[in-house]
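For reference, the structure is listed below as structure tokens.
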Amino acid sequence: MFMREEIEDWERQQLSPFAMVSADSQGRSRPEELDGLRTCFMRDRDRIIHSKAFRRLSQKTQVYITPSGDHYRTRLTHTLEVNQIAKTIGKALRLNEDLIEAIALAHDVGHTPFAHTGEEVLNQLMPGGFRHNVNSVRVLARIERHKGRPGLNLSREVLDGVLHHSGYGTAQKGAATLEGQIIRFSDKIAYVQHDIDDSIRAGVLREDDLPGQFTEVLGHSHGERITTLVTDLVQHTRTLMEEAAPGASLKLCFTSEVDEALKGLRAFMFDHVYKGDICALERERAALVVQYLFDYYCNHPEQMPELYQQIAAEETIKQGVCDYLSGMSDAYCIAAFKEITIPRSFIHN
């Protein structure tokens, strides 16, 4: 028996009836031979980790644009925190941790440089708008390559979880699997709390500035709040599982008190940090850079790498430029701007 088959048998015996077992995956857009060692979701995880888009997360801003300190979060550290939180929840609920990990590691590969500022600029410039979760799927299915072909050819469950990880407190459709739904919650648990932590470190906020009606529910420290949120989601979901009929579909949620407290802290962060006056000048500068480069490459598509020139020819110039810019790290984006705009002497000693 192949080890993959042993793992698949173990999943059927040990995981929750509500879990997505690997052997029941809906498969890939391009059929592949099964691996002797790894399940489909394990293979997906490995492809994501080895992708260029995943490596670039280390140089993409989380909230504060190109911070000088070493201890501020990047997209990569955010991704790792989401993964850790999600796997903790998944283990407590006996769900498929390999699927959870694959979605968690992939969920933000479509994020732009300069955090949400870059996303907002591209959303204004692109016909039909720009959403980083949709772009993450595009990166995984079109931009990255596997065995010389476009896309990593990931399992449908992974792509579904990535697509539906974004949004909170909205009526939009959630992921088809509980594993995918966990990423949506873990993403919010992680970024609200670690963005508060980074803001306190930067001197932008103090713990006492946080609205008391929310911290009284969630806790008065970074660790307390994460513990409260994870514990509440696990315990409430276990109750839902116990009450659900066999074969029923579940929709994860916090208890109402905890849900309102997290939404309240998130709204506070949007008002005072993400959209606030403190970082307004840096957001304005970052927007200028992205806007300038978008216009420049639309007029000079030959200056882009071959892949993006090809996309510009096959789809539209704007799509090729968008794919190129959204994949840039903060540092690369700034370097490209300097290369184009700052005069250099052509005389060499």
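Identifiers in this document derive from the order of the structure tokens: chains are assigned A, B, ..., residues are numbered from 1 separately in each chain, and ligands are numbered from 1 in order of occurrence.
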Where in range 72-288 of chain A does DSSP assign alpha helix (DSSP H), given as a ChimeraX atom specification? /A:75-92,97-106,115-125,132-138,156-163,178-201,212-218,222-243,256-269,280-288
Exercise: range 80-96 of chain A partners within 10 Å, only C-alpha atoms, chain neighbours under 4 positions left out, as a count of residues only: 49
Taking 4 positions as the minimum chain separation for residues in the same chain, which residues sit within 8 Å of Leu152 in chain A when counting only C-alpha atoms? Answer as a PDB file with N, CA and C atoms, in the first residue's frame.
```pdb
ATOM      1  N   ARG A  47       3.632  22.820  -3.554  1.00  0.00           N
ATOM      2  CA  ARG A  47       3.748  23.672  -4.743  1.00  0.00           C
ATOM      3  C   ARG A  47       3.658  25.155  -4.361  1.00  0.00           C
ATOM      4  N   ILE A  48       2.781  25.459  -3.428  1.00  0.00           N
ATOM      5  CA  ILE A  48       2.616  26.851  -3.001  1.00  0.00           C
ATOM      6  C   ILE A  48       3.877  27.357  -2.314  1.00  0.00           C
ATOM      7  N   LEU A 140      -2.291  31.813  -8.797  1.00  0.00           N
ATOM      8  CA  LEU A 140      -2.123  30.372  -8.629  1.00  0.00           C
ATOM      9  C   LEU A 140      -2.511  29.586  -9.877  1.00  0.00           C
ATOM     10  N   ALA A 141      -3.490  30.089 -10.625  1.00  0.00           N
ATOM     11  CA  ALA A 141      -4.022  29.336 -11.760  1.00  0.00           C
ATOM     12  C   ALA A 141      -3.517  29.815 -13.113  1.00  0.00           C
ATOM     13  N   ARG A 142      -2.873  31.005 -13.157  1.00  0.00           N
ATOM     14  CA  ARG A 142      -2.455  31.558 -14.444  1.00  0.00           C
ATOM     15  C   ARG A 142      -1.005  32.029 -14.466  1.00  0.00           C
ATOM     16  N   GLU A 144       1.717  31.746 -11.986  1.00  0.00           N
ATOM     17  CA  GLU A 144       2.735  30.758 -11.620  1.00  0.00           C
ATOM     18  C   GLU A 144       2.732  29.620 -12.633  1.00  0.00           C
ATOM     19  N   ARG A 145       3.826  28.879 -12.677  1.00  0.00           N
ATOM     20  CA  ARG A 145       3.930  27.792 -13.653  1.00  0.00           C
ATOM     21  C   ARG A 145       4.334  26.488 -12.954  1.00  0.00           C
ATOM     22  N   HIS A 146       3.828  25.397 -13.504  1.00  0.00           N
ATOM     23  CA  HIS A 146       4.164  24.070 -13.003  1.00  0.00           C
ATOM     24  C   HIS A 146       4.447  23.153 -14.183  1.00  0.00           C
TER      25      HIS A 146
END
```
Selection: 6 Å around range 153-155 of chain A, only C-alpha atoms, excl. self and same-chain fewer than 2 positions, as a list in words: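 My list of contacting residues is Gly27, Arg28, Asp44, Gly151, Glu157 and Val158 of chain A.
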Any chance you could export the current selection's N, CA and C atoms as a PDB file, in the first residue's frame?
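Final output, out-v6.pdb:
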```
ATOM      1  N   GLY A  27     -10.690  17.234  -7.389  1.00  0.00           N
ATOM      2  CA  GLY A  27      -9.598  17.123  -8.337  1.00  0.00           C
ATOM      3  C   GLY A  27      -9.097  18.455  -8.862  1.00  0.00           C
ATOM      4  N   ARG A  28      -8.379  18.376  -9.981  1.00  0.00           N
ATOM      5  CA  ARG A  28      -7.702  19.527 -10.567  1.00  0.00           C
ATOM      6  C   ARG A  28      -8.260  19.794 -11.960  1.00  0.00           C
ATOM      7  N   ASP A  44      -0.412  20.197  -3.002  1.00  0.00           N
ATOM      8  CA  ASP A  44      -0.751  21.605  -3.206  1.00  0.00           C
ATOM      9  C   ASP A  44       0.062  22.496  -2.279  1.00  0.00           C
ATOM     10  N   GLY A 151      -0.053  28.065 -14.371  1.00  0.00           N
ATOM     11  CA  GLY A 151      -0.775  27.688 -13.166  1.00  0.00           C
ATOM     12  C   GLY A 151      -0.142  26.523 -12.429  1.00  0.00           C
ATOM     13  N   GLU A 157     -10.624  22.502  -4.123  1.00  0.00           N
ATOM     14  CA  GLU A 157     -10.944  22.917  -2.755  1.00  0.00           C
ATOM     15  C   GLU A 157      -9.995  23.996  -2.256  1.00  0.00           C
ATOM     16  N   VAL A 158      -8.729  23.920  -2.657  1.00  0.00           N
ATOM     17  CA  VAL A 158      -7.757  24.941  -2.263  1.00  0.00           C
ATOM     18  C   VAL A 158      -8.105  26.266  -2.922  1.00  0.00           C
TER      19      VAL A 158
END
```
Determine, counting only C-alpha atoms, which protein, DNA and RNA residues have an atom within 12 Å of an atom of Ala312 in chain A; residues of the same chain fewer than 2 positions away are not included. Present the result as a list in words.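 Everything that qualifies: Tyr297, Cys298, Asn299, His300, Pro301, Glu302, Gln303, Met304, Pro305, Glu306, Leu307, Tyr308, Gln309, Gln310, Glu314, Glu315, Thr316, Ile317, Lys318, Gln319, Gly320, Val321, Cys322, Asp323 and Tyr324 of chain A.
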Quick one: pull the distance between CA of Asp197 in chain A and CA of Asp108 in chain A, Å, one decimal.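 Computing it gives 20.2 Å between the two atoms.
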Report the distance between CA of Lys60 in chain A and CA of Phe114 in chain A in Å, rounded to one decimal place. 6.8 Å
So how many Å separate CA of Gln291 in chain A and CA of Leu122 in chain A, to one decimal? 8.1 Å
What residues in range 85-309 of chain A get the DSSP label strand (DSSP E)? Please answer as a ChimeraX atom specification. /A:145-146,149-150
Could you list, as a VMD selection string, every residue within 10 Å of Leu265 in chain A, counting only C-alpha atoms and ignoring same-chain residues fewer than 4 positions away? chain A and resid 192 to 193 196 210 to 215 218 260 to 261 269 to 271
Would you write out, as a Markdown table, a table of all residues in range 118-225 of chain A that have an atom no more than 9 Å from an atom of range 326-340 of chain A, listing for each the closest atom pair and the distance in Å to one decimal, considering only C-alpha atoms and ordering rows by chain and rising residue number?
```
| residue | atom | partner | partner_atom | distance |
| --- | --- | --- | --- | --- |
| A:Gly118 | CA | A:Ser326 | CA | 7.8 |
| A:Glu119 | CA | A:Ser326 | CA | 8.1 |
| A:Leu122 | CA | A:Ser326 | CA | 8.3 |
| A:His132 | CA | A:Ser326 | CA | 8.8 |
| A:Asn135 | CA | A:Ser326 | CA | 8.4 |
| A:Val139 | CA | A:Gly327 | CA | 8.4 |
```
So, with only C-alpha atoms as the atoms that count, which of A:Thr112, A:Val204, A:Leu262, A:Val273 lies closest to Thr228 in chain A? A:Leu262
